[in-house]
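So this one's model-v5.cif, mmCIF, C-alpha atoms:
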data_protein
loop_
_atom_site.label_atom_id
_atom_site.label_comp_id
_atom_site.auth_asym_id
_atom_site.auth_seq_id
_atom_site.Cartn_x
_atom_site.Cartn_y
_atom_site.Cartn_z
CA MET A 1 -43.23 234.51 115.55
CA GLY A 2 -41.77 236.98 113.08
CA GLU A 3 -44.08 238.83 110.72
CA HIS A 4 -43.22 238.80 107.02
CA CYS A 5 -46.63 240.05 105.87
CA ASP A 6 -50.04 240.99 107.17
CA VAL A 7 -52.02 238.11 105.68
CA LEU A 8 -51.01 234.74 104.28
CA ILE A 9 -53.43 233.04 101.89
CA LEU A 10 -53.11 229.33 101.28
CA GLY A 11 -54.23 228.40 97.78
CA ALA A 12 -54.35 230.34 94.50
CA GLY A 13 -57.73 229.13 93.30
CA ALA A 14 -60.78 231.33 92.87
CA ALA A 15 -61.29 231.78 96.62
CA GLY A 16 -57.67 232.60 97.36
CA LEU A 17 -57.31 235.05 94.49
CA ALA A 18 -60.58 236.80 95.35
CA ALA A 19 -59.50 237.18 98.98
CA GLY A 20 -56.01 238.25 97.96
CA ARG A 21 -57.19 240.92 95.59
CA ALA A 22 -59.66 242.37 98.09
CA LEU A 23 -57.07 242.53 100.87
CA ALA A 24 -54.25 243.87 98.70
CA GLU A 25 -56.49 246.63 97.36
CA LEU A 26 -57.20 247.62 100.97
CA GLY A 27 -53.51 248.12 101.60
CA GLN A 28 -52.70 244.82 103.30
CA ARG A 29 -49.35 243.13 102.69
CA VAL A 30 -50.55 239.82 101.27
CA VAL A 31 -48.74 236.66 100.15
CA ILE A 32 -50.60 233.85 98.37
CA MET A 33 -48.92 230.46 98.67
CA GLU A 34 -49.76 227.80 96.09
CA ALA A 35 -48.52 224.21 96.01
CA ARG A 36 -48.90 223.84 92.25
CA GLU A 37 -46.81 225.48 89.54
CA ARG A 38 -49.94 227.30 88.34
CA ILE A 39 -52.87 229.27 89.69
CA GLY A 40 -56.51 228.26 89.31
CA GLY A 41 -57.04 225.31 91.61
CA ARG A 42 -59.88 223.28 90.13
CA VAL A 43 -60.18 225.76 87.25
CA LEU A 44 -57.82 224.41 84.60
CA THR A 45 -57.95 225.44 80.95
CA SER A 46 -55.73 223.82 78.32
CA HIS A 47 -55.35 225.48 74.93
CA GLN A 48 -55.09 223.49 71.70
CA SER A 49 -53.95 224.81 68.35
CA THR A 50 -55.24 223.38 65.09
CA ALA A 51 -53.54 222.90 61.74
CA GLY A 52 -53.51 225.99 59.59
CA SER A 53 -54.84 228.27 62.32
CA ALA A 54 -53.24 230.45 64.97
CA LEU A 55 -56.43 230.18 67.01
CA GLN A 56 -56.01 228.58 70.43
CA ILE A 57 -59.08 226.56 71.39
CA PRO A 58 -59.73 226.41 75.16
CA MET A 59 -60.38 222.91 76.49
CA GLU A 60 -61.64 222.87 80.07
CA LEU A 61 -60.38 220.17 82.42
CA GLY A 62 -62.11 221.43 85.54
CA ALA A 63 -64.81 224.04 86.13
CA GLU A 64 -66.36 225.09 82.83
CA PHE A 65 -69.74 226.77 83.15
CA VAL A 66 -70.79 230.10 84.54
CA HIS A 67 -74.02 228.91 86.14
CA GLY A 68 -76.70 231.54 85.78
CA LEU A 69 -76.22 235.18 86.70
CA PRO A 70 -74.26 235.27 89.98
CA GLN A 71 -73.41 238.90 90.70
CA SER A 72 -69.81 238.32 91.82
CA THR A 73 -68.82 236.41 88.69
CA TRP A 74 -70.53 238.73 86.24
CA GLU A 75 -69.03 241.82 87.86
CA LEU A 76 -65.61 240.29 87.25
CA ILE A 77 -66.49 239.30 83.69
CA ARG A 78 -67.60 242.83 82.89
CA GLU A 79 -64.58 244.37 84.59
CA SER A 80 -62.18 242.07 82.73
CA GLU A 81 -64.05 242.63 79.44
CA LEU A 82 -64.00 238.91 78.71
CA ASP A 83 -66.32 237.72 75.96
CA THR A 84 -68.99 235.16 76.84
CA TYR A 85 -71.81 233.29 75.16
CA GLU A 86 -74.81 231.37 76.41
CA LEU A 87 -75.07 227.68 75.63
CA ASP A 88 -78.11 226.79 73.61
CA GLY A 89 -79.38 223.90 71.55
CA GLU A 90 -81.38 220.70 71.71
CA GLN A 91 -81.22 217.93 74.27
CA TRP A 92 -80.94 214.41 72.92
CA CYS A 93 -81.18 211.07 74.70
CA PHE A 94 -79.69 207.67 73.96
CA GLU A 95 -82.07 205.03 75.26
CA GLU A 96 -82.56 201.38 74.31
CA GLY A 97 -80.04 201.73 71.52
CA LEU A 98 -81.71 204.75 69.91
CA LEU A 99 -80.55 208.36 69.73
CA LYS A 100 -83.49 210.74 69.67
CA PRO A 101 -84.76 214.06 71.06
CA CYS A 102 -85.40 213.70 74.78
CA ALA A 103 -88.94 212.94 75.83
CA VAL A 104 -90.85 214.92 78.44
CA GLU A 105 -89.71 212.39 81.08
CA GLN A 106 -86.29 214.03 80.96
CA HIS A 107 -87.72 216.83 83.12
CA GLN A 108 -88.94 214.47 85.86
CA PRO A 109 -85.88 214.93 88.12
CA LEU A 110 -86.46 218.67 88.43
CA GLU A 111 -90.13 218.10 89.18
CA ILE A 112 -89.18 215.59 91.88
CA LEU A 113 -86.75 218.09 93.42
CA GLU A 114 -89.45 220.76 93.44
CA GLN A 115 -91.86 218.34 95.14
CA MET A 116 -89.09 217.43 97.60
CA SER A 117 -88.64 221.09 98.57
CA LYS A 118 -92.38 221.49 99.18
CA TRP A 119 -92.48 218.26 101.18
CA LEU A 120 -89.57 219.42 103.32
CA ASP A 121 -91.23 222.79 103.99
CA ALA A 122 -94.20 220.93 105.47
CA GLN A 123 -92.03 218.94 107.90
CA PRO A 124 -90.88 219.99 111.39
CA PRO A 125 -87.91 222.39 111.40
CA GLY A 126 -84.57 220.61 111.19
CA THR A 127 -85.94 217.65 109.23
CA ASP A 128 -83.41 216.04 106.91
CA ALA A 129 -82.88 212.72 105.15
CA THR A 130 -80.77 211.36 102.36
CA PHE A 131 -82.19 211.71 98.86
CA ALA A 132 -82.54 207.93 98.63
CA GLU A 133 -84.51 207.88 101.89
CA TYR A 134 -86.79 210.66 100.67
CA VAL A 135 -87.54 208.80 97.44
CA ALA A 136 -88.41 205.66 99.44
CA ILE A 137 -90.53 207.56 101.99
CA THR A 138 -92.61 209.35 99.37
CA GLY A 139 -93.00 206.38 97.04
CA VAL A 140 -91.58 207.87 93.85
CA ALA A 141 -92.22 205.51 90.93
CA PRO A 142 -89.18 203.31 90.10
CA ALA A 143 -88.58 204.71 86.61
CA ALA A 144 -88.83 208.31 87.84
CA ALA A 145 -86.64 207.51 90.82
CA LYS A 146 -83.96 206.10 88.55
CA ARG A 147 -83.91 209.29 86.51
CA ALA A 148 -83.83 211.42 89.65
CA PHE A 149 -80.94 209.45 91.14
CA SER A 150 -78.97 209.83 87.92
CA TYR A 151 -79.60 213.58 87.84
CA VAL A 152 -78.76 214.27 91.49
CA GLU A 153 -75.61 212.16 91.45
CA GLY A 154 -74.46 213.53 88.09
CA PHE A 155 -75.07 217.19 88.87
CA ASN A 156 -73.90 217.20 92.49
CA ALA A 157 -71.14 214.58 92.20
CA ALA A 158 -72.93 213.09 95.18
CA ASP A 159 -74.06 209.72 96.48
CA ARG A 160 -77.85 209.42 96.73
CA ASN A 161 -77.38 207.53 100.01
CA ILE A 162 -75.42 210.40 101.56
CA VAL A 163 -76.51 213.77 100.13
CA GLY A 164 -79.12 215.51 102.26
CA ILE A 165 -82.46 216.80 101.01
CA ALA A 166 -82.15 219.95 103.14
CA ALA A 167 -79.03 220.85 101.18
CA LEU A 168 -80.65 219.94 97.86
CA ALA A 169 -83.65 222.15 98.69
CA ARG A 170 -81.38 225.06 99.60
CA GLN A 171 -79.51 224.53 96.36
CA GLN A 172 -82.73 224.59 94.33
CA ARG A 173 -83.74 227.91 95.86
CA ALA A 174 -80.28 229.37 95.29
CA GLU A 175 -80.26 228.28 91.66
CA ASP A 176 -83.70 229.75 91.03
CA GLU A 177 -82.52 233.11 92.38
CA ILE A 178 -79.68 233.36 89.84
CA GLN A 179 -81.41 231.66 86.89
CA ALA A 180 -78.92 228.80 87.04
CA ASP A 181 -80.74 226.94 84.28
CA ARG A 182 -78.93 229.35 81.97
CA ILE A 183 -75.26 228.45 81.47
CA PHE A 184 -72.47 230.40 79.85
CA HIS A 185 -68.95 229.92 78.49
CA ILE A 186 -66.08 232.36 78.73
CA ARG A 187 -64.68 232.27 75.19
CA ALA A 188 -61.06 232.56 76.27
CA GLY A 189 -61.53 229.81 78.87
CA TYR A 190 -62.36 230.00 82.58
CA SER A 191 -58.69 230.42 83.50
CA ALA A 192 -58.75 233.86 81.89
CA LEU A 193 -60.99 235.12 84.69
CA LEU A 194 -58.54 233.93 87.33
CA GLU A 195 -55.62 235.41 85.44
CA PHE A 196 -57.47 238.73 85.64
CA LEU A 197 -57.85 238.36 89.42
CA LEU A 198 -54.14 237.57 89.71
CA ASP A 199 -53.23 240.63 87.65
CA ARG A 200 -55.30 242.91 89.88
CA PHE A 201 -53.84 241.27 93.00
CA GLN A 202 -50.26 241.80 91.86
CA GLN A 203 -50.92 245.34 90.62
CA SER A 204 -52.07 246.13 94.15
CA GLY A 205 -48.78 244.89 95.59
CA GLY A 206 -49.68 241.30 96.39
CA SER A 207 -47.10 238.50 96.09
CA LEU A 208 -47.64 235.00 94.70
CA LEU A 209 -45.43 232.05 95.59
CA LEU A 210 -45.94 229.02 93.34
CA ASN A 211 -44.49 225.55 94.03
CA HIS A 212 -44.81 226.09 97.78
CA PRO A 213 -46.63 223.06 99.22
CA VAL A 214 -47.45 223.89 102.83
CA ARG A 215 -47.41 220.92 105.19
CA LYS A 216 -47.71 222.55 108.60
CA ILE A 217 -49.49 225.60 109.94
CA ARG A 218 -48.40 226.77 113.40
CA TRP A 219 -50.57 229.45 114.87
CA HIS A 220 -51.53 231.38 117.98
CA SER A 221 -53.82 234.34 118.49
CA GLY A 222 -52.38 237.07 116.29
CA GLY A 223 -49.74 235.01 114.52
CA VAL A 224 -49.39 232.30 111.85
CA ALA A 225 -46.46 230.45 110.30
CA MET A 226 -46.79 228.21 107.23
CA ALA A 227 -44.00 225.71 106.57
CA GLY A 228 -43.17 223.07 103.96
CA LEU A 229 -40.54 221.77 101.56
CA LEU A 230 -39.66 223.10 98.13
CA GLY A 231 -39.00 220.73 95.23
CA THR A 232 -35.29 221.07 95.89
CA GLY A 233 -35.79 219.67 99.38
CA ARG A 234 -35.10 223.02 101.02
CA GLY A 235 -37.51 223.99 103.74
CA PHE A 236 -39.43 227.27 103.93
CA GLU A 237 -41.43 229.06 106.61
CA ILE A 238 -43.38 232.30 106.14
CA HIS A 239 -45.01 234.32 108.89
CA ALA A 240 -48.04 236.62 109.07
CA LYS A 241 -50.52 238.09 111.50
CA GLN A 242 -53.54 236.34 109.95
CA ALA A 243 -54.20 233.63 107.37
CA VAL A 244 -56.98 232.66 104.96
CA ILE A 245 -57.07 228.90 104.29
CA THR A 246 -58.66 227.94 100.96
CA LEU A 247 -57.62 224.30 100.79
CA PRO A 248 -60.23 222.10 99.05
CA LEU A 249 -62.41 220.00 101.32
CA GLY A 250 -60.71 216.82 100.11
CA VAL A 251 -57.30 218.10 101.18
CA LEU A 252 -58.63 219.22 104.55
CA LYS A 253 -60.12 215.77 105.05
CA SER A 254 -56.83 214.07 104.22
CA GLY A 255 -54.92 215.78 107.00
CA SER A 256 -51.94 216.35 104.70
CA VAL A 257 -51.67 219.88 106.11
CA ALA A 258 -51.26 219.76 109.89
CA PHE A 259 -52.46 222.52 112.22
CA ASP A 260 -50.62 223.18 115.48
CA PRO A 261 -52.52 223.45 117.72
CA VAL A 262 -55.20 221.17 116.26
CA LEU A 263 -58.48 222.79 115.13
CA ARG A 264 -60.89 220.36 116.73
CA ASP A 265 -64.24 221.92 115.85
CA MET A 266 -63.08 222.78 112.33
CA SER A 267 -61.94 219.17 111.86
CA THR A 268 -65.36 217.99 113.00
CA GLN A 269 -67.15 220.19 110.45
CA VAL A 270 -64.79 219.07 107.70
CA ARG A 271 -65.60 215.44 108.46
CA ARG A 272 -69.33 216.16 108.32
CA MET A 273 -69.13 217.42 104.74
CA ALA A 274 -68.52 215.15 101.72
CA MET A 275 -66.26 215.52 98.70
CA GLY A 276 -67.75 214.33 95.43
CA SER A 277 -66.02 212.54 92.59
CA ALA A 278 -66.24 213.33 88.89
CA LEU A 279 -64.63 212.25 85.63
CA ARG A 280 -64.63 214.32 82.50
CA ALA A 281 -62.95 214.09 79.13
CA THR A 282 -62.92 216.96 76.64
CA LEU A 283 -62.36 216.06 73.00
CA LEU A 284 -61.65 218.21 69.95
CA PHE A 285 -62.64 216.76 66.56
CA GLU A 286 -62.01 217.74 62.96
CA SER A 287 -65.71 218.48 62.55
CA GLN A 288 -69.07 218.03 64.25
CA PHE A 289 -69.52 214.41 63.27
CA TRP A 290 -72.70 214.30 65.40
CA GLY A 291 -74.42 216.38 62.70
CA ASP A 292 -75.29 220.05 62.35
CA ASP A 293 -78.94 219.13 61.84
CA LYS A 294 -79.26 218.02 65.46
CA ASN A 295 -78.19 221.38 66.97
CA LEU A 296 -76.94 219.16 69.78
CA SER A 297 -76.28 220.82 73.12
CA PHE A 298 -76.65 218.12 75.79
CA LEU A 299 -76.86 214.37 75.30
CA PHE A 300 -78.02 212.05 78.08
CA ALA A 301 -77.21 208.35 78.02
CA ARG A 302 -78.19 206.97 81.43
CA GLU A 303 -77.15 203.41 80.64
CA GLU A 304 -73.63 204.38 79.60
CA ALA A 305 -70.71 204.57 82.01
CA LEU A 306 -70.43 208.25 81.05
CA PRO A 307 -74.07 209.35 81.12
CA THR A 308 -73.81 213.08 80.35
CA TRP A 309 -72.34 214.76 77.27
CA TRP A 310 -72.33 218.30 75.91
CA THR A 311 -71.08 220.36 73.00
CA SER A 312 -70.11 224.03 72.75
CA ALA A 313 -73.32 224.92 70.82
CA PRO A 314 -74.15 227.42 69.51
CA ASP A 315 -70.41 227.97 69.07
CA PRO A 316 -69.40 225.83 66.07
CA THR A 317 -66.11 224.60 67.56
CA PRO A 318 -66.25 220.76 67.34
CA LEU A 319 -65.73 220.16 71.05
CA LEU A 320 -67.47 217.37 72.94
CA THR A 321 -67.29 216.68 76.66
CA ALA A 322 -68.12 213.40 78.42
CA TRP A 323 -69.02 213.40 82.12
CA ALA A 324 -69.63 210.96 84.95
CA ALA A 325 -69.97 211.88 88.61
CA GLY A 326 -70.72 210.42 92.01
CA PRO A 327 -70.65 206.62 92.45
CA ARG A 328 -70.55 206.12 88.67
CA ALA A 329 -67.31 208.08 88.42
CA ILE A 330 -65.74 206.03 91.20
CA ALA A 331 -66.85 202.74 89.65
CA LEU A 332 -65.57 203.72 86.20
CA ALA A 333 -62.22 204.94 87.54
CA ASN A 334 -61.74 201.67 89.40
CA ARG A 335 -62.75 199.53 86.43
CA ILE A 336 -60.35 201.16 83.97
CA HIS A 337 -57.59 201.72 86.56
CA LEU A 338 -57.65 205.42 85.70
CA ALA A 339 -54.73 206.43 87.91
CA GLU A 340 -52.36 204.24 85.88
CA ASN A 341 -54.21 204.41 82.58
CA PRO A 342 -55.76 207.80 81.68
CA ARG A 343 -56.04 206.62 78.07
CA GLY A 344 -58.57 204.07 79.31
CA LEU A 345 -61.08 206.87 79.85
CA ILE A 346 -60.72 208.03 76.24
CA ASP A 347 -61.18 204.48 75.01
CA GLU A 348 -64.45 204.34 76.97
CA VAL A 349 -65.52 207.65 75.44
CA ILE A 350 -64.73 206.59 71.87
CA SER A 351 -66.56 203.27 72.29
CA ALA A 352 -69.63 205.04 73.67
CA LEU A 353 -69.65 207.56 70.83
CA ALA A 354 -69.46 204.77 68.28
CA ARG A 355 -72.49 203.08 69.87
CA MET A 356 -74.55 206.25 70.16
CA PHE A 357 -73.87 207.57 66.66
CA GLY A 358 -73.83 204.27 64.78
CA SER A 359 -70.18 204.53 63.88
CA THR A 360 -67.01 202.57 64.66
CA PRO A 361 -64.30 203.33 67.23
CA ALA A 362 -61.78 203.55 64.38
CA ALA A 363 -63.82 206.20 62.56
CA ILE A 364 -64.30 208.24 65.74
CA GLN A 365 -60.61 207.98 66.56
CA LYS A 366 -59.63 209.09 63.06
CA SER A 367 -61.56 212.35 63.41
CA LEU A 368 -60.15 213.09 66.88
CA ILE A 369 -57.60 215.92 66.96
CA ALA A 370 -56.90 216.15 70.70
CA TRP A 371 -58.24 215.10 74.06
CA ARG A 372 -57.72 216.27 77.63
CA THR A 373 -58.59 214.87 81.03
CA HIS A 374 -57.44 215.37 84.61
CA ASP A 375 -57.89 212.98 87.52
CA TRP A 376 -59.06 215.30 90.28
CA GLN A 377 -59.54 212.41 92.69
CA ALA A 378 -55.86 211.45 92.42
CA ASP A 379 -54.64 215.05 92.41
CA GLU A 380 -53.03 215.48 95.85
CA TYR A 381 -53.95 219.17 95.89
CA SER A 382 -57.62 218.51 95.17
CA LEU A 383 -58.59 214.95 96.20
CA GLY A 384 -62.02 215.21 94.65
CA ALA A 385 -64.19 217.31 92.37
CA TYR A 386 -66.36 219.45 94.64
CA SER A 387 -68.23 219.31 97.93
CA TYR A 388 -71.77 218.55 99.00
CA ALA A 389 -73.64 218.46 102.30
CA PRO A 390 -74.76 215.05 103.62
CA SER A 391 -77.97 214.56 105.53
CA GLY A 392 -77.69 216.30 108.89
CA ALA A 393 -74.76 218.50 107.85
CA LEU A 394 -76.54 221.59 106.51
CA ASP A 395 -74.94 223.82 109.16
CA ALA A 396 -71.39 222.52 108.68
CA SER A 397 -70.47 225.11 106.04
CA LEU A 398 -71.67 227.99 108.19
CA ARG A 399 -69.65 226.75 111.14
CA MET A 400 -66.54 226.61 108.93
CA THR A 401 -66.90 230.32 108.18
CA GLN A 402 -66.38 231.29 111.82
CA PRO A 403 -63.00 233.02 112.40
CA ILE A 404 -60.63 231.27 114.79
CA GLU A 405 -59.31 233.79 117.33
CA ASN A 406 -59.34 236.49 114.64
CA THR A 407 -56.32 234.73 113.17
CA LEU A 408 -57.43 231.86 110.93
CA TYR A 409 -60.18 232.20 108.33
CA PHE A 410 -61.49 229.52 105.97
CA ALA A 411 -62.79 229.96 102.44
CA GLY A 412 -63.57 227.79 99.42
CA GLU A 413 -66.71 226.48 97.74
CA HIS A 414 -67.28 224.07 100.64
CA THR A 415 -67.80 227.06 102.98
CA ASP A 416 -70.67 228.47 100.93
CA THR A 417 -73.81 229.02 103.02
CA GLN A 418 -76.31 229.94 100.29
CA GLY A 419 -76.61 226.62 98.45
CA HIS A 420 -74.04 227.19 95.70
CA TRP A 421 -71.60 224.43 96.72
CA GLY A 422 -69.37 223.21 93.92
CA THR A 423 -69.38 226.43 91.89
CA VAL A 424 -66.75 229.01 91.06
CA HIS A 425 -69.01 231.82 92.21
CA ALA A 426 -69.31 230.13 95.61
CA ALA A 427 -65.51 230.13 95.83
CA ILE A 428 -65.27 233.78 94.77
CA ASN A 429 -67.94 234.81 97.28
CA SER A 430 -66.22 232.89 100.07
CA GLY A 431 -62.91 234.63 99.37
CA SER A 432 -64.59 238.03 99.49
CA ARG A 433 -66.34 237.09 102.73
CA ALA A 434 -63.08 235.94 104.35
CA ALA A 435 -61.35 239.18 103.30
CA GLN A 436 -64.13 241.20 104.92
CA GLN A 437 -63.76 239.17 108.11
CA VAL A 438 -60.01 239.79 108.17
CA ILE A 439 -60.46 243.55 107.78
CA ALA A 440 -63.22 243.64 110.40
CA ALA A 441 -60.80 242.11 112.92
CA LYS A 442 -58.13 244.76 112.34
CA PRO A 443 -57.76 247.46 115.03
CA ALA A 444 -59.46 250.70 114.05
#

Since I need it in another form, could you write the structure as structure tokens?
Amino acid sequence: MGEHCDVLILGAGAAGLAAGRALAELGQRVVIMEARERIGGRVLTSHQSTAGSALQIPMELGAEFVHGLPQSTWELIRESELDTYELDGEQWCFEEGLLKPCAVEQHQPLEILEQMSKWLDAQPPGTDATFAEYVAITGVAPAAAKRAFSYVEGFNAADRNIVGIAALARQQRAEDEIQADRIFHIRAGYSALLEFLLDRFQQSGGSLLLNHPVRKIRWHSGGVAMAGLLGTGRGFEIHAKQAVITLPLGVLKSGSVAFDPVLRDMSTQVRRMAMGSALRATLLFESQFWGDDKNLSFLFAREEALPTWWTSAPDPTPLLTAWAAGPRAIALANRIHLAENPRGLIDEVISALARMFGSTPAAIQKSLIAWRTHDWQADEYSLGAYSYAPSGALDASLRMTQPIENTLYFAGEHTDTQGHWGTVHAAINSGSRAAQQVIAAKPA
């Protein structure tokens, strides 16, 4: 194999850009290859202008929140001098046809997860079960169980009958350590943070190749070649000594990128993990029709097809986001034929808003300026929202972090080993970890 660079990185999402920057700053010749025409991966910010204003309002289509105070993310935010603010406001619930401040029962899911962690600590080492099995074993009351299922599936984009309690317990501990109950927005949009990483990568001599969908990775100890077809139909092949693979778990599961020779243990670990589904729609209105008096931050409507909603409070921008995840997201996408009819999701959102706020779909529609959505499940370069660990698969992520003959390294939120699956900071950390592994393998 010829050598065109020291390290090839597949994917220009948070993990790939973090790895690329770290390696380029250490003097490595690095090329990042990205299938899309943009960077960011599952971070995707659209900007909307409004009449009479030059202000561009960021509308997130993918990752949105900075969860808590993860060191890696906040170091980047400070370095980039990006402005942030913490979300704050009241939680409201829509139950039995009434919109009202949430009752104390809204906190039951977190209490159940805390009890679950204590229960698991008292079991023999290695004990695991699905969340649904745990709820049945411990006899959680039906009403509380229903709330807990909705929370776990909505937050983790997971199926209660698949996600493991060992992973959920690790996640709870990880979130407590970074105060993940606090959530923040980057005012310019999440993509601004990744643009900063790209700028630092390129300033250090790194190269980015967009619109390069890799379909085959040939490798041997000390050499890698990535090949594919450009949009023009012309083939390409780029060589390096080592490679960092940051493909999302869903893409790895699909087998759309072939490895030669086959990575048998890596394929096994990939199959053990699960990729969750999520639907979100972000809407910009003329004004906060939901009422300033409510100071609305989050709205929970468990009986609706889209059970979770949030505003940008305390920022006054009249943005509203609707969210469904896990089995609910899959069921809704199938019912409205989302792949062929993205407008169907907005129709669902408008109908739900009319019910919850005692209005009419026509009135809601009239006040709507713009809406955005992205079908991550149908996106061939994502094939899902984010990963989670099924029962019995707690060690799968760790095993995916093991270098393959000091030549292939894997990164991405699905390789997180601390319990932060599904987050941007997990992706950033994994890219930094992979870069360190690459450097450690270099001859002194």

Please check which residues have atoms at most 10 Å from (-57.9, 233.0, 112.8) in the file's coordinates, counting only C-alpha atoms, and write them as a PDB file with C-alpha atoms, in the frame of the given file.
ATOM      1  CA  TRP A 219     -50.570 229.450 114.870  1.00  0.00           C
ATOM      2  CA  HIS A 220     -51.530 231.380 117.980  1.00  0.00           C
ATOM      3  CA  SER A 221     -53.820 234.340 118.490  1.00  0.00           C
ATOM      4  CA  GLY A 222     -52.380 237.070 116.290  1.00  0.00           C
ATOM      5  CA  GLY A 223     -49.740 235.010 114.520  1.00  0.00           C
ATOM      6  CA  VAL A 224     -49.390 232.300 111.850  1.00  0.00           C
ATOM      7  CA  LYS A 241     -50.520 238.090 111.500  1.00  0.00           C
ATOM      8  CA  GLN A 242     -53.540 236.340 109.950  1.00  0.00           C
ATOM      9  CA  ALA A 243     -54.200 233.630 107.370  1.00  0.00           C
ATOM     10  CA  VAL A 244     -56.980 232.660 104.960  1.00  0.00           C
ATOM     11  CA  ILE A 245     -57.070 228.900 104.290  1.00  0.00           C
ATOM     12  CA  GLN A 402     -66.380 231.290 111.820  1.00  0.00           C
ATOM     13  CA  PRO A 403     -63.000 233.020 112.400  1.00  0.00           C
ATOM     14  CA  ILE A 404     -60.630 231.270 114.790  1.00  0.00           C
ATOM     15  CA  GLU A 405     -59.310 233.790 117.330  1.00  0.00           C
ATOM     16  CA  ASN A 406     -59.340 236.490 114.640  1.00  0.00           C
ATOM     17  CA  THR A 407     -56.320 234.730 113.170  1.00  0.00           C
ATOM     18  CA  LEU A 408     -57.430 231.860 110.930  1.00  0.00           C
ATOM     19  CA  TYR A 409     -60.180 232.200 108.330  1.00  0.00           C
ATOM     20  CA  PHE A 410     -61.490 229.520 105.970  1.00  0.00           C
ATOM     21  CA  GLN A 437     -63.760 239.170 108.110  1.00  0.00           C
ATOM     22  CA  VAL A 438     -60.010 239.790 108.170  1.00  0.00           C
ATOM     23  CA  ALA A 441     -60.800 242.110 112.920  1.00  0.00           C
TER      24      ALA A 441
END

TODO: Tell me which residues the PyMOL selection byres ((chain A and resi 162-177) around 6) grabs here, as JSON, numbers by chain.
DONE: {"A": [117, 128, 129, 130, 131, 159, 160, 161, 178, 179, 180, 389, 390, 391, 394, 419]}

TODO: Evaluate the PyMOL selection byres ((chain A and resi 377) around 12) here and jot the selected residues down as an NGL selection string.
DONE: :A and (42 or 62 or 157 or 248-251 or 254 or 275-280 or 325-326 or 329-330 or 333-334 or 338-339 or 373-376 or 378-386)

Name all residues at most 7 Å from Arg218 (chain A) (count only C-alpha atoms; drop same-chain ones fewer than 2 positions away) and give them as a CSV table (one decimal) with C-alpha atoms, in the coordinates of the input.
chain,number,residue,atom,x,y,z
A,216,LYS,CA,-47.7,222.6,108.6
A,224,VAL,CA,-49.4,232.3,111.8
A,225,ALA,CA,-46.5,230.4,110.3
A,226,MET,CA,-46.8,228.2,107.2
A,259,PHE,CA,-52.5,222.5,112.2
A,260,ASP,CA,-50.6,223.2,115.5
A,261,PRO,CA,-52.5,223.4,117.7

- [ ] Using all atoms listed in the file, find all polymer residues with an atom at most 8 Å away from the point (-75.4, 219.6, 69.5); report them as JSON, numbers by chain.
- [x] {"A": [89, 90, 91, 290, 291, 292, 294, 295, 296, 297, 298, 299, 310, 311, 312, 313, 314]}

Task: Close residues, Arg372 (chain A) itself excluded, 7 Å, all atoms listed in the file, min 2 positions apart in chain, as a ChimeraX atom specification - done: /A:61,281-283,370

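Comparing A:Leu110, A:Met273, A:Ala258, A:Leu120 by their smallest distance to Ala144 (chain A), the closest is A:Leu110 (using only C-alpha atoms).
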
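Taken over the shown file, the PyMOL selection byres ((chain A and resi 189) around 9) identifies Leu44, Thr45, Ser46, His47, Ile57, Pro58, Met59, Glu60, Glu64, His185, Ile186, Arg187, Ala188, Tyr190, Ser191, Ala192 and Leu193 of chain A.
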
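Interatomic distance, CA of Glu114 (chain A) to CA of Ala145 (chain A): 13.8 Å.
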
Report as CSV the residues of region 64-182 of chain A within 12 Å of region 16-40 of chain A, each with its shortest atom pair and distance in Å (one decimal), using only C-alpha atoms, ordered by chain and increasing residue number.
residue,atom,partner,partner_atom,distance
A:Ser72,CA,A:Ala18,CA,10.0
A:Thr73,CA,A:Ala18,CA,10.6
A:Leu76,CA,A:Ala18,CA,10.2

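Shortest atom-to-atom contact with Glu111 (chain A) among A:His337, A:Val140, A:Gly97, A:Ser367: A:Val140, counting only C-alpha atoms.
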
Open item on the list: Just checking: using all atoms listed in the file, which residue out of A:Pro125, A:Gly13, A:Ile183, A:Ser256 ends up closest to Leu198 (chain A)?
Closed with: A:Gly13

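In this model, the gap between CA of Arg328 (chain A) and CA of Glu304 (chain A) comes to 9.7 Å.
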
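Here the question is which of A:Leu209, A:Ala301, A:Ala63, A:Ala158 gets nearest to Pro327 (chain A) using all atoms listed in the file, and that residue is A:Ala158.
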
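Rounded to one decimal, CA of Ser80 (chain A) and CA of Ile439 (chain A) lie 25.2 Å from each other.
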
TODO: Go through A:Ala122, A:Phe149, A:Gln48, A:Cys93 and flag the residue nearest Gln108 (chain A), using all atoms listed in the file for the distances.
DONE: A:Phe149

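Compared by their closest atoms to His212 (chain A), and using only C-alpha atoms, the residues A:Ala12, A:Val104, A:Ala132, A:Leu230 rank with A:Leu230 nearest.
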